Amino acid sequence: MCSHQDLETVRQEILSKRDSKKPCISICTGTGCLASGAGEVMAAFTAEIESQGLKADVDAKGTGCPGFCEKGPIVVIYPEEICYLEVKPEDVAEIVSQTVKENKVIERLLYVDSATGEKAIHESDIPFYKNQERTIIGNNIKIDSKSIDDYIAFGGYTGLAKALLKMTPEEVLDEVKKSNLRGRGGGGFPTGRKWEEARHAAGDIKYVIVNADEGDPGAFMDRAVLEGNPHSVLEGLTIGAYAVGSHEGFLYVRNEYPLAIENVLIAIEKAEEYGLLGKNILGSGFDFSVKVHRGAGAFVCGESSALMTALEGKAGEPRPKYVHTVVKGVWDRPSVLNNVETWANVPPIIEKGSDWFTRYGTEKSKGTKIFSLVGKITNTGLVEVPMGITLNDIIYKIGGGIPDGKKFKAVQTGGPSGGCIPERLLDLQVGFDELTKAGSMMGSGGMIVLDEDTCMVDVARYFLEFLTDESCGKCVPCREGIRQMLKILTKITKGKGKPGDIELLQELAEVASEAALCALGRSAANPFLSTLQYFRDEYEAHINEKRCPALACKELINYYIEPEKCKACTTCARKCPADAIIGGKNLIHMVDQDKCTKCGTCFEVCPDRFAAVTKLSGVPVPANLSEDQRVIVREVREAKAS
Ligand SMILES: Cc1cc2nc3c(=O)[nH]c(=O)nc-3n(C[C@H](O)[C@H](O)[C@H](O)COP(=O)(O)O)c2cc1C
Ligand code: SF4
Ligand code: SF4
Ligand code: SF4
Ligand code: FES
């Protein structure tokens with residue numbers, strides 16, 4: 001393609017070969033759905049369409065992740081947009097003969113609202129999707145993730161053509177600055193400003209880089225975008241390169257993302273073939289090429305200077321940033337690093353204008369944000385929401401609230417170095433500054449919901465453990481400081497905390513925040529600081545009363561059978577792996593505390609109608625009963641009477 005007109009001609013050619021009324025079956029073949037059998041479902045559709053002689057009348061394609069992975073494999077049938085969840089290969093013949101051929105809906109495959117029992121036929125009617133604003137991942141279920149034609153058919157590369165052929169680099173820069181797009185990878189730094197600094201930095205050779213390291217545990221936003229819609233990232237990167245004056249880009253992606261790597265390599269090859277990457281893109285005279293660099297998967301490699309060091313082929317360790325990487329980055333050349341989602345936001349900003357983008361959001365946080373919504377929440381998955389939405393709406397309207405009738409306790413945002421936000425702040429609007437002000441942060445979009453059974457001291461300990469493991473060890477405040485913090489937190493959760501521990505933790509937190517070399521160490525204390533801010537009583541209960549209020553810390557609880565509730569059904573005694581239940585026929589069962597390993601099995605298996613096993617913390621366990629006291633008198637009498 002050598003011009004804007006060529007791109008339009010190609011698009012029209014692709015569209016002219018398509019019939020919008022022709023049934024099209026989209027099968028999510030993202031990593032999540034593949035793990036639940038989407039590969040077999042896809043194969044079954046291909047075989048069924050062939051065997052029913054429908055090859056010319058029906059299209060079927062593998063697509064990216066629309067977000068509701070826990071209900072996968074997901075299948076959407078267009079043009080009616082009928083959405084089926086948890087589809088199995090055995091359902092495929094019926095879907096083809098009933099829905100595709102006869103337009104009949106198969107009720108059992110629809111989404112059912114667990115609260116109201118209502119079914120939803122269309123994807124857009126499912127409450128999980130209804131309250132989202134999916135400008136980035138919305139096309140994932142519509143586009144064949146391996147097809148450049150599909151991307152072009154849905155308007156792909158229009159933004160690039162506009163940028164290269166109708167705008168100067170300065171105009172592109174101005175539009176991105178006007179959009180107030182802020183980095184989606186963690187810090188929320190204004191993207192336009194970063195590009196501007198690199199553009200004005202000295203030197204002819206400059207680099208643009210995609211950060212697809214995505215090391216936060218449980219996060220998969222970037223994977224879903226790269227796997228599902230790789231061209232959107234390449235298009236954004238090329239626009240950015242043009243604005244910055246760069247002719248070479250890198251995509252740094254963790255090697256644990258094989259499908260993302262596969263799809264992005266196909267996308268690069270196709271884009272080169274179509275003249276959308278390489279020399280003289282779209283006849284504009286602008287040259288740009290992209291290389292994929294596979295990362296070894298260390299969390300710290302996502303940090304900008306560590307990532308750039310790794311790109312140079314060295315061990316991925318952070319380095320001091322006396323001079324910003326936009327001035328001296330990879331091989332000391334000006335380098336712009338942006339997150340996958342940041343780059344994917346660029347094409348629509350250029351195509352539709354910054355005014356379109358700033359329609360969404362708060363004063364200082366514009367556009368949408370993708371979150372990975374997980375934890376103690378009814379609907380888990382990827383959600384894309386407009387900035388400014390409240391946490392309450394995400395958790396209850398989209399997430400469907402807390403399962404099993406449990407109470408909400410807190411929501412952890414911002415990844416391992418983020419913080420916990422308590423119930424009383426649920427009306428907080430989601431935005432970079434709003435979350436930081438509340439003691440947490442946006443991070444790259446992790447959102448973990450915690451319920452009443454979660455111990456907040458243990459949450460802090462868990463994240464400190466992760467960060468201690470991931471610390472590269474280069475500087476003392478991080479290497480030693482957070483290790484010491486972890487030691488103290490671990491002692492507290494084991495009931496060995498002592499007065500003064502909180503103050504010592506605060507001191508260590510202050511030193512790490514001030515003196516660590518990179519943001520991993522500087523933000524490592526956040527999980528502790530935010531849980532202390534909102535749940536100080538839990539720290540004090542652990543230290544002063546040796547009590548875990550959430551009844552979660554193993555060393556601080558005892559399992560106890562309430563004599564008046566036990567009906568001697570013998571289930572717990574049969575299931576106890578440590579032989580720690582003193583049982584017997586028609587005898588109240590008791591836990592032998594010396595043998596008990598606190599595995600919790602008896603608590604789980606005691607039938608709900610008895611609920612005789614309880615957890616105690618901070619109080620002495622009542623003494624065991626004598627043999628006489630253990631006899632279940634009432635049941636014996638009833639047995640005799642009959
Ligand atoms: C320890 C650590 C890990 C990070 N991991 C990532 C990551 O996986 N992906 C990412 O985009 N940014 C990550 N960041 C943030 C990057 O350093 C950088 O700020 C970001 O990629 C810039 O892009 P943005 O401006 O588009 O957000 C990490 C930062 C730190 C300190
Ligand atoms: S703060 Fe931690 S991760 Fe960063 S350089 Fe120092 S030791 Fe390494
Ligand atoms: S907690 Fe585990 S080990 Fe202890 S009594 Fe119950 S089942 Fe046995
Ligand atoms: S399972 Fe519950 S009711 Fe049954 S013997 Fe054990 S404690 Fe008693
Ligand atoms: S991978 Fe299919 S819905 Fe997420």
# chains A, B, ... in the order shown; residues from 1 in each chain; ligands from 1
>>> select_by_dssp(residues="stretch 331-571 of chain A", states="strand (DSSP E)", output="JSON, numbers by chain")
{"A": [335, 336, 337, 338, 339, 368, 369, 370, 371, 372, 373, 374, 375, 381, 382, 383, 384, 385, 386, 408, 409, 410, 411, 412, 413, 419, 420, 421, 422, 446, 447, 448, 449, 450, 451, 558, 559, 560, 561]}
>>> write_last_selection(atoms="C-alpha atoms", output="mmCIF file, in the first residue's frame")
data_model
loop_
_atom_site.group_PDB
_atom_site.id
_atom_site.type_symbol
_atom_site.label_atom_id
_atom_site.label_comp_id
_atom_site.auth_asym_id
_atom_site.auth_seq_id
_atom_site.Cartn_x
_atom_site.Cartn_y
_atom_site.Cartn_z
ATOM 1 C CA SER A 335 14.061 5.974 24.232
ATOM 2 C CA VAL A 336 10.317 6.149 24.805
ATOM 3 C CA LEU A 337 8.874 3.278 26.791
ATOM 4 C CA ASN A 338 5.119 2.892 27.061
ATOM 5 C CA ASN A 339 2.847 0.178 28.278
ATOM 6 C CA THR A 368 -10.770 4.144 29.964
ATOM 7 C CA LYS A 369 -8.712 1.675 31.978
ATOM 8 C CA ILE A 370 -8.582 -2.090 31.836
ATOM 9 C CA PHE A 371 -8.537 -3.887 35.186
ATOM 10 C CA SER A 372 -8.026 -7.494 36.031
ATOM 11 C CA LEU A 373 -10.841 -8.017 38.529
ATOM 12 C CA VAL A 374 -10.109 -11.031 40.716
ATOM 13 C CA GLY A 375 -10.335 -12.328 44.276
ATOM 14 C CA GLY A 381 -12.184 -11.281 34.500
ATOM 15 C CA LEU A 382 -10.941 -8.317 32.549
ATOM 16 C CA VAL A 383 -13.034 -5.185 32.750
ATOM 17 C CA GLU A 384 -12.555 -1.957 30.816
ATOM 18 C CA VAL A 385 -14.202 0.989 32.511
ATOM 19 C CA PRO A 386 -14.300 4.737 32.028
ATOM 20 C CA PHE A 408 -16.673 -6.956 51.560
ATOM 21 C CA LYS A 409 -13.529 -5.919 53.400
ATOM 22 C CA ALA A 410 -11.155 -4.112 51.024
ATOM 23 C CA VAL A 411 -9.992 -3.855 47.452
ATOM 24 C CA GLN A 412 -6.309 -4.074 46.635
ATOM 25 C CA THR A 413 -5.286 -2.059 43.580
ATOM 26 C CA GLY A 419 -2.501 -0.622 48.534
ATOM 27 C CA CYS A 420 -5.796 -1.664 50.081
ATOM 28 C CA ILE A 421 -8.869 0.539 50.060
ATOM 29 C CA PRO A 422 -11.497 -0.091 52.748
ATOM 30 C CA GLY A 446 -4.659 -5.233 39.171
ATOM 31 C CA MET A 447 -7.818 -5.189 41.305
ATOM 32 C CA ILE A 448 -8.125 -7.863 43.976
ATOM 33 C CA VAL A 449 -11.296 -7.947 46.060
ATOM 34 C CA LEU A 450 -10.897 -9.137 49.655
ATOM 35 C CA ASP A 451 -13.706 -10.343 51.907
ATOM 36 C CA ASN A 558 -7.490 -23.274 66.914
ATOM 37 C CA TYR A 559 -10.172 -25.524 65.533
ATOM 38 C CA TYR A 560 -12.757 -26.396 68.148
ATOM 39 C CA ILE A 561 -15.923 -28.474 68.013
#
>>> residues_near_ligand(ligand="ligand 5", cutoff="8 Å", atoms="only C-alpha atoms and all ligand atoms", output="ChimeraX atom specification")
/A:28-34,64-74,224,381-382
>>> write_last_selection(atoms="N, CA, C and O atoms", output="PDB file, in the first residue's frame")
ATOM      1  N   CYS A  28     -13.701 -17.413  21.224  1.00  0.00           N
ATOM      2  CA  CYS A  28     -12.549 -16.833  21.909  1.00  0.00           C
ATOM      3  C   CYS A  28     -11.459 -17.892  22.025  1.00  0.00           C
ATOM      4  O   CYS A  28     -11.666 -18.955  22.598  1.00  0.00           O
ATOM      5  N   THR A  29     -10.309 -17.594  21.433  1.00  0.00           N
ATOM      6  CA  THR A  29      -9.172 -18.514  21.561  1.00  0.00           C
ATOM      7  C   THR A  29      -8.007 -17.803  22.259  1.00  0.00           C
ATOM      8  O   THR A  29      -6.841 -17.964  21.893  1.00  0.00           O
ATOM      9  N   GLY A  30      -8.382 -16.976  23.246  1.00  0.00           N
ATOM     10  CA  GLY A  30      -7.372 -16.380  24.116  1.00  0.00           C
ATOM     11  C   GLY A  30      -6.839 -17.452  25.057  1.00  0.00           C
ATOM     12  O   GLY A  30      -7.424 -18.535  25.174  1.00  0.00           O
ATOM     13  N   THR A  31      -5.762 -17.128  25.750  1.00  0.00           N
ATOM     14  CA  THR A  31      -5.117 -18.135  26.609  1.00  0.00           C
ATOM     15  C   THR A  31      -6.073 -18.742  27.633  1.00  0.00           C
ATOM     16  O   THR A  31      -6.078 -19.956  27.849  1.00  0.00           O
ATOM     17  N   GLY A  32      -6.928 -17.898  28.243  1.00  0.00           N
ATOM     18  CA  GLY A  32      -7.858 -18.391  29.265  1.00  0.00           C
ATOM     19  C   GLY A  32      -8.814 -19.416  28.694  1.00  0.00           C
ATOM     20  O   GLY A  32      -9.015 -20.505  29.259  1.00  0.00           O
ATOM     21  N   CYS A  33      -9.423 -19.104  27.551  1.00  0.00           N
ATOM     22  CA  CYS A  33     -10.389 -20.024  26.951  1.00  0.00           C
ATOM     23  C   CYS A  33      -9.704 -21.263  26.380  1.00  0.00           C
ATOM     24  O   CYS A  33     -10.261 -22.360  26.437  1.00  0.00           O
ATOM     25  N   LEU A  34      -8.497 -21.083  25.861  1.00  0.00           N
ATOM     26  CA  LEU A  34      -7.783 -22.272  25.364  1.00  0.00           C
ATOM     27  C   LEU A  34      -7.562 -23.258  26.505  1.00  0.00           C
ATOM     28  O   LEU A  34      -7.681 -24.469  26.338  1.00  0.00           O
ATOM     29  N   GLY A  64      -9.673 -12.879  20.103  1.00  0.00           N
ATOM     30  CA  GLY A  64      -9.030 -12.574  21.380  1.00  0.00           C
ATOM     31  C   GLY A  64     -10.027 -12.579  22.522  1.00  0.00           C
ATOM     32  O   GLY A  64     -11.220 -12.850  22.335  1.00  0.00           O
ATOM     33  N   CYS A  65      -9.517 -12.246  23.687  1.00  0.00           N
ATOM     34  CA  CYS A  65     -10.281 -12.372  24.938  1.00  0.00           C
ATOM     35  C   CYS A  65     -11.210 -11.173  25.158  1.00  0.00           C
ATOM     36  O   CYS A  65     -10.756 -10.036  25.208  1.00  0.00           O
ATOM     37  N   PRO A  66     -12.530 -11.415  25.313  1.00  0.00           N
ATOM     38  CA  PRO A  66     -13.425 -10.308  25.637  1.00  0.00           C
ATOM     39  C   PRO A  66     -13.508 -10.038  27.134  1.00  0.00           C
ATOM     40  O   PRO A  66     -14.230  -9.142  27.562  1.00  0.00           O
ATOM     41  N   GLY A  67     -12.839 -10.826  27.953  1.00  0.00           N
ATOM     42  CA  GLY A  67     -12.727 -10.479  29.367  1.00  0.00           C
ATOM     43  C   GLY A  67     -13.353 -11.439  30.363  1.00  0.00           C
ATOM     44  O   GLY A  67     -12.888 -11.550  31.485  1.00  0.00           O
ATOM     45  N   PHE A  68     -14.428 -12.150  29.948  1.00  0.00           N
ATOM     46  CA  PHE A  68     -15.173 -12.949  30.923  1.00  0.00           C
ATOM     47  C   PHE A  68     -14.608 -14.378  30.969  1.00  0.00           C
ATOM     48  O   PHE A  68     -15.341 -15.363  30.834  1.00  0.00           O
ATOM     49  N   CYS A  69     -13.309 -14.479  31.207  1.00  0.00           N
ATOM     50  CA  CYS A  69     -12.602 -15.762  31.051  1.00  0.00           C
ATOM     51  C   CYS A  69     -13.151 -16.874  31.936  1.00  0.00           C
ATOM     52  O   CYS A  69     -13.098 -18.037  31.565  1.00  0.00           O
ATOM     53  N   GLU A  70     -13.659 -16.521  33.126  1.00  0.00           N
ATOM     54  CA  GLU A  70     -14.128 -17.593  34.013  1.00  0.00           C
ATOM     55  C   GLU A  70     -15.330 -18.333  33.411  1.00  0.00           C
ATOM     56  O   GLU A  70     -15.657 -19.432  33.833  1.00  0.00           O
ATOM     57  N   LYS A  71     -15.991 -17.731  32.423  1.00  0.00           N
ATOM     58  CA  LYS A  71     -17.135 -18.384  31.768  1.00  0.00           C
ATOM     59  C   LYS A  71     -16.758 -18.955  30.414  1.00  0.00           C
ATOM     60  O   LYS A  71     -17.608 -19.221  29.567  1.00  0.00           O
ATOM     61  N   GLY A  72     -15.458 -19.060  30.138  1.00  0.00           N
ATOM     62  CA  GLY A  72     -15.028 -19.549  28.842  1.00  0.00           C
ATOM     63  C   GLY A  72     -15.177 -21.056  28.715  1.00  0.00           C
ATOM     64  O   GLY A  72     -15.389 -21.738  29.724  1.00  0.00           O
ATOM     65  N   PRO A  73     -15.053 -21.605  27.525  1.00  0.00           N
ATOM     66  CA  PRO A  73     -14.915 -20.918  26.252  1.00  0.00           C
ATOM     67  C   PRO A  73     -16.173 -20.119  25.870  1.00  0.00           C
ATOM     68  O   PRO A  73     -17.287 -20.609  26.032  1.00  0.00           O
ATOM     69  N   ILE A  74     -15.923 -18.923  25.355  1.00  0.00           N
ATOM     70  CA  ILE A  74     -17.009 -18.030  24.973  1.00  0.00           C
ATOM     71  C   ILE A  74     -17.181 -18.047  23.459  1.00  0.00           C
ATOM     72  O   ILE A  74     -16.197 -17.997  22.717  1.00  0.00           O
ATOM     73  N   ALA A 224      -4.044  -9.854  27.036  1.00  0.00           N
ATOM     74  CA  ALA A 224      -5.291  -9.920  26.274  1.00  0.00           C
ATOM     75  C   ALA A 224      -5.262  -8.964  25.078  1.00  0.00           C
ATOM     76  O   ALA A 224      -5.746  -9.295  24.002  1.00  0.00           O
ATOM     77  N   GLY A 381     -12.611 -11.415  35.892  1.00  0.00           N
ATOM     78  CA  GLY A 381     -12.184 -11.281  34.500  1.00  0.00           C
ATOM     79  C   GLY A 381     -11.595  -9.922  34.234  1.00  0.00           C
ATOM     80  O   GLY A 381     -11.303  -9.163  35.158  1.00  0.00           O
ATOM     81  N   LEU A 382     -11.466  -9.628  32.942  1.00  0.00           N
ATOM     82  CA  LEU A 382     -10.941  -8.317  32.549  1.00  0.00           C
ATOM     83  C   LEU A 382     -12.095  -7.365  32.361  1.00  0.00           C
ATOM     84  O   LEU A 382     -13.071  -7.705  31.694  1.00  0.00           O
TER      85      LEU A 382
END
>>> atom_distance(atom1="atom CA of A:Pro348", atom2="atom CA of A:Asn379")
28.5 Å
>>> residues_near_ligand(ligand="ligand 1", cutoff="7 Å", atoms="only C-alpha atoms and all ligand atoms", output="short mmCIF file (atom, residue, chain, number, x, y, z; two decimals) with N, CA, C and O atoms, in the first residue's frame")
data_model
loop_
_atom_site.label_atom_id
_atom_site.label_comp_id
_atom_site.auth_asym_id
_atom_site.auth_seq_id
_atom_site.Cartn_x
_atom_site.Cartn_y
_atom_site.Cartn_z
N ARG A 182 -2.43 9.34 29.93
CA ARG A 182 -1.38 9.06 30.92
C ARG A 182 -1.03 7.57 30.87
O ARG A 182 -1.89 6.73 30.60
N GLY A 183 0.23 7.27 31.13
CA GLY A 183 0.73 5.90 30.99
C GLY A 183 -0.07 4.89 31.80
O GLY A 183 -0.34 5.10 32.97
N ARG A 184 -0.42 3.81 31.13
CA ARG A 184 -1.24 2.76 31.78
C ARG A 184 -0.37 1.72 32.48
O ARG A 184 -0.89 0.75 33.02
N GLY A 185 0.96 1.89 32.48
CA GLY A 185 1.83 0.86 33.05
C GLY A 185 2.12 1.01 34.52
O GLY A 185 2.75 0.15 35.13
N GLY A 186 1.69 2.09 35.13
CA GLY A 186 1.95 2.21 36.56
C GLY A 186 1.97 3.64 37.05
O GLY A 186 1.16 4.05 37.86
N GLY A 187 2.91 4.42 36.52
CA GLY A 187 3.13 5.76 37.08
C GLY A 187 2.14 6.82 36.64
O GLY A 187 2.02 7.86 37.27
N GLY A 188 1.45 6.58 35.53
CA GLY A 188 0.49 7.57 35.04
C GLY A 188 1.16 8.82 34.50
O GLY A 188 0.59 9.91 34.52
N PHE A 189 2.40 8.68 33.99
CA PHE A 189 3.11 9.85 33.46
C PHE A 189 2.46 10.29 32.14
O PHE A 189 2.09 9.44 31.32
N PRO A 190 2.32 11.61 31.92
CA PRO A 190 1.68 12.06 30.68
C PRO A 190 2.46 11.61 29.44
O PRO A 190 3.64 11.93 29.29
N THR A 191 1.79 10.88 28.58
CA THR A 191 2.45 10.27 27.42
C THR A 191 2.99 11.34 26.46
O THR A 191 4.13 11.23 25.99
N ASN A 211 6.21 -1.93 26.52
CA ASN A 211 6.45 -2.71 27.74
C ASN A 211 5.34 -3.74 27.91
O ASN A 211 4.22 -3.42 28.30
N ALA A 212 5.66 -4.98 27.53
CA ALA A 212 4.68 -6.07 27.69
C ALA A 212 5.27 -7.10 28.64
O ALA A 212 5.13 -8.30 28.44
N ASP A 213 5.93 -6.59 29.68
CA ASP A 213 6.53 -7.52 30.65
C ASP A 213 5.47 -8.08 31.59
O ASP A 213 5.51 -9.23 31.99
N GLU A 214 4.52 -7.25 31.95
CA GLU A 214 3.35 -7.62 32.77
C GLU A 214 3.67 -8.66 33.85
O GLU A 214 3.24 -9.81 33.77
N GLY A 215 4.39 -8.20 34.85
CA GLY A 215 4.82 -9.13 35.89
C GLY A 215 3.92 -9.19 37.11
O GLY A 215 4.12 -10.04 37.98
N ASP A 216 2.92 -8.32 37.22
CA ASP A 216 2.06 -8.34 38.41
C ASP A 216 1.35 -9.69 38.51
O ASP A 216 0.74 -10.13 37.53
N PHE A 299 9.99 -9.88 37.46
CA PHE A 299 9.11 -8.73 37.69
C PHE A 299 9.87 -7.42 37.52
O PHE A 299 9.37 -6.45 36.92
N VAL A 300 11.10 -7.37 38.01
CA VAL A 300 11.87 -6.12 37.98
C VAL A 300 12.19 -5.69 36.54
O VAL A 300 12.42 -4.51 36.28
N CYS A 301 12.17 -6.63 35.60
CA CYS A 301 12.47 -6.29 34.20
C CYS A 301 11.41 -5.39 33.59
O CYS A 301 11.61 -4.81 32.53
N GLY A 302 10.26 -5.24 34.25
CA GLY A 302 9.24 -4.31 33.76
C GLY A 302 9.59 -2.87 34.09
O GLY A 302 9.03 -1.94 33.51
N GLU A 303 10.51 -2.67 35.02
CA GLU A 303 10.93 -1.31 35.38
C GLU A 303 11.73 -0.75 34.20
O GLU A 303 12.53 -1.46 33.58
N SER A 304 11.51 0.54 33.91
CA SER A 304 12.00 1.07 32.63
C SER A 304 13.50 0.87 32.40
O SER A 304 13.90 0.37 31.34
N LEU A 337 9.48 4.55 26.38
CA LEU A 337 8.87 3.28 26.79
C LEU A 337 7.44 3.53 27.22
O LEU A 337 7.18 4.40 28.06
N ASN A 338 6.51 2.82 26.61
CA ASN A 338 5.12 2.89 27.06
C ASN A 338 4.54 1.50 27.19
O ASN A 338 4.97 0.55 26.53
N ASN A 339 3.54 1.43 28.02
CA ASN A 339 2.85 0.18 28.28
C ASN A 339 1.98 -0.22 27.06
O ASN A 339 1.57 0.64 26.27
N VAL A 340 1.68 -1.51 26.96
CA VAL A 340 0.85 -2.04 25.85
C VAL A 340 -0.46 -1.24 25.71
O VAL A 340 -0.84 -0.81 24.61
N THR A 342 -1.22 1.69 26.85
CA THR A 342 -0.99 3.09 26.46
C THR A 342 -0.90 3.18 24.94
O THR A 342 -1.55 4.02 24.31
N SER A 444 -0.76 -1.03 37.04
CA SER A 444 -1.11 -1.36 35.66
C SER A 444 -2.52 -1.93 35.57
O SER A 444 -2.98 -2.27 34.49
N CYS A 518 15.33 1.99 42.74
CA CYS A 518 14.25 2.03 41.75
C CYS A 518 12.89 1.97 42.43
O CYS A 518 12.79 1.78 43.63
N ALA A 519 11.85 2.09 41.60
CA ALA A 519 10.50 2.18 42.15
C ALA A 519 10.04 0.89 42.83
O ALA A 519 9.12 0.93 43.65
N LEU A 520 10.69 -0.24 42.52
CA LEU A 520 10.28 -1.47 43.22
C LEU A 520 10.52 -1.29 44.72
O LEU A 520 9.63 -1.48 45.54
#
>>> residues_near_ligand(ligand="ligand 2", cutoff="6 Å", atoms="only C-alpha atoms and all ligand atoms", output="PyMOL selection string")
chain A and resi 300+318+471-475+478-479+516-518+520-521
>>> write_last_selection(atoms="all heavy atoms", output="compact mmCIF listing (two decimals), in the first residue's frame")
# COMPACT_ATOMS: atom_id res chain seq x y z
N VAL A 300 11.10 -7.37 38.01
CA VAL A 300 11.87 -6.12 37.98
C VAL A 300 12.19 -5.69 36.54
O VAL A 300 12.42 -4.51 36.28
CB VAL A 300 13.14 -6.24 38.86
CG1 VAL A 300 14.21 -7.08 38.19
CG2 VAL A 300 13.68 -4.86 39.22
N PRO A 318 17.81 -2.60 37.34
CA PRO A 318 17.62 -1.15 37.22
C PRO A 318 18.94 -0.42 37.33
O PRO A 318 19.90 -0.91 37.92
CB PRO A 318 16.73 -0.82 38.43
CG PRO A 318 16.10 -2.10 38.81
CD PRO A 318 17.09 -3.16 38.50
N SER A 471 13.11 -8.64 44.29
CA SER A 471 14.13 -7.59 44.41
C SER A 471 15.42 -8.07 43.73
O SER A 471 15.84 -9.21 43.94
CB SER A 471 14.40 -7.31 45.89
OG SER A 471 15.62 -6.65 46.04
N CYS A 472 16.04 -7.21 42.94
CA CYS A 472 17.25 -7.66 42.23
C CYS A 472 18.46 -7.68 43.15
O CYS A 472 19.49 -8.23 42.81
CB CYS A 472 17.51 -6.78 41.01
SG CYS A 472 18.28 -5.21 41.39
N GLY A 473 18.34 -7.04 44.31
CA GLY A 473 19.41 -7.10 45.30
C GLY A 473 20.51 -6.08 45.10
O GLY A 473 21.53 -6.12 45.79
N LYS A 474 20.31 -5.16 44.19
CA LYS A 474 21.40 -4.22 43.88
C LYS A 474 21.60 -3.17 44.97
O LYS A 474 22.71 -2.73 45.21
CB LYS A 474 21.06 -3.53 42.55
CG LYS A 474 22.17 -2.76 41.93
CD LYS A 474 21.79 -2.40 40.50
CE LYS A 474 22.87 -1.58 39.83
NZ LYS A 474 22.59 -1.38 38.41
N CYS A 475 20.52 -2.75 45.64
CA CYS A 475 20.72 -1.71 46.65
C CYS A 475 20.21 -2.15 48.03
O CYS A 475 19.23 -2.89 48.13
CB CYS A 475 20.07 -0.39 46.21
SG CYS A 475 18.29 -0.45 46.10
N CYS A 478 16.46 -1.70 49.70
CA CYS A 478 15.45 -2.64 49.19
C CYS A 478 15.84 -4.06 49.59
O CYS A 478 15.08 -4.76 50.24
CB CYS A 478 15.34 -2.50 47.67
SG CYS A 478 14.35 -3.75 46.86
N ARG A 479 17.06 -4.47 49.23
CA ARG A 479 17.46 -5.86 49.48
C ARG A 479 17.33 -6.22 50.96
O ARG A 479 16.71 -7.22 51.31
CB ARG A 479 18.91 -6.07 49.03
CG ARG A 479 19.37 -7.51 49.10
CD ARG A 479 20.83 -7.65 48.75
NE ARG A 479 21.68 -7.00 49.74
CZ ARG A 479 22.66 -6.16 49.46
NH1 ARG A 479 22.93 -5.85 48.21
NH2 ARG A 479 23.39 -5.62 50.42
N ALA A 516 15.78 3.72 48.17
CA ALA A 516 15.97 2.63 47.20
C ALA A 516 16.24 3.19 45.82
O ALA A 516 15.82 4.30 45.49
CB ALA A 516 14.74 1.72 47.19
N LEU A 517 16.94 2.38 45.03
CA LEU A 517 17.37 2.86 43.72
C LEU A 517 16.22 2.97 42.72
O LEU A 517 16.13 3.91 41.95
CB LEU A 517 18.45 1.90 43.19
CG LEU A 517 19.03 2.18 41.82
CD1 LEU A 517 19.77 3.51 41.80
CD2 LEU A 517 19.99 1.06 41.41
N CYS A 518 15.33 1.99 42.74
CA CYS A 518 14.25 2.03 41.75
C CYS A 518 12.89 1.97 42.43
O CYS A 518 12.79 1.78 43.63
CB CYS A 518 14.41 0.90 40.72
SG CYS A 518 13.71 -0.67 41.23
N LEU A 520 10.69 -0.24 42.52
CA LEU A 520 10.28 -1.47 43.22
C LEU A 520 10.52 -1.29 44.72
O LEU A 520 9.63 -1.48 45.54
CB LEU A 520 11.05 -2.69 42.69
CG LEU A 520 10.59 -4.05 43.22
CD1 LEU A 520 10.85 -5.15 42.21
CD2 LEU A 520 11.21 -4.43 44.55
N GLY A 521 11.74 -0.89 45.06
CA GLY A 521 12.07 -0.70 46.47
C GLY A 521 11.35 0.51 47.06
O GLY A 521 10.88 0.46 48.19
>>> closest_atom_pairs(of="chain A", to="ligand 4", cutoff="10 Å", atoms="only C-alpha atoms and all ligand atoms", output="CSV")
residue,atom,partner,partner_atom_place_in_ligand_line,distance
A:Tyr560,CA,ligand 4,7 (S),8.5
A:Ile561,CA,ligand 4,7 (S),5.4
A:Glu562,CA,ligand 4,7 (S),7.5
A:Pro563,CA,ligand 4,8 (Fe),8.0
A:Glu564,CA,ligand 4,8 (Fe),9.4
A:Lys565,CA,ligand 4,3 (S),6.8
A:Cys566,CA,ligand 4,8 (Fe),3.7
A:Lys567,CA,ligand 4,3 (S),4.4
A:Ala568,CA,ligand 4,5 (S),3.8
A:Cys569,CA,ligand 4,4 (Fe),3.9
A:Thr570,CA,ligand 4,5 (S),4.1
A:Thr571,CA,ligand 4,1 (S),4.5
A:Cys572,CA,ligand 4,6 (Fe),4.2
A:Ala573,CA,ligand 4,6 (Fe),6.3
A:Arg574,CA,ligand 4,6 (Fe),8.8
A:Lys575,CA,ligand 4,1 (S),9.0
A:Cys576,CA,ligand 4,6 (Fe),9.6
A:Ile581,CA,ligand 4,6 (Fe),8.2
A:Ile582,CA,ligand 4,5 (S),9.4
A:Gly583,CA,ligand 4,5 (S),7.2
A:Gly584,CA,ligand 4,5 (S),8.7
A:Lys585,CA,ligand 4,5 (S),9.3
A:Asn586,CA,ligand 4,5 (S),9.0
A:Leu587,CA,ligand 4,5 (S),8.3
A:Ile588,CA,ligand 4,8 (Fe),6.4
A:His589,CA,ligand 4,5 (S),5.4
A:Met590,CA,ligand 4,7 (S),7.5
A:Val591,CA,ligand 4,7 (S),8.9
A:Thr601,CA,ligand 4,1 (S),9.7
A:Cys602,CA,ligand 4,1 (S),6.4
A:Phe603,CA,ligand 4,2 (Fe),7.9
A:Glu604,CA,ligand 4,1 (S),8.8
A:Val605,CA,ligand 4,1 (S),6.2
A:Cys606,CA,ligand 4,1 (S),3.6
A:Pro607,CA,ligand 4,1 (S),6.1
A:Asp608,CA,ligand 4,2 (Fe),8.6
A:Arg609,CA,ligand 4,3 (S),8.5
A:Phe610,CA,ligand 4,3 (S),5.4
A:Ala611,CA,ligand 4,2 (Fe),6.2
A:Ala612,CA,ligand 4,2 (Fe),4.9
A:Val613,CA,ligand 4,7 (S),5.3
A:Thr614,CA,ligand 4,7 (S),9.0
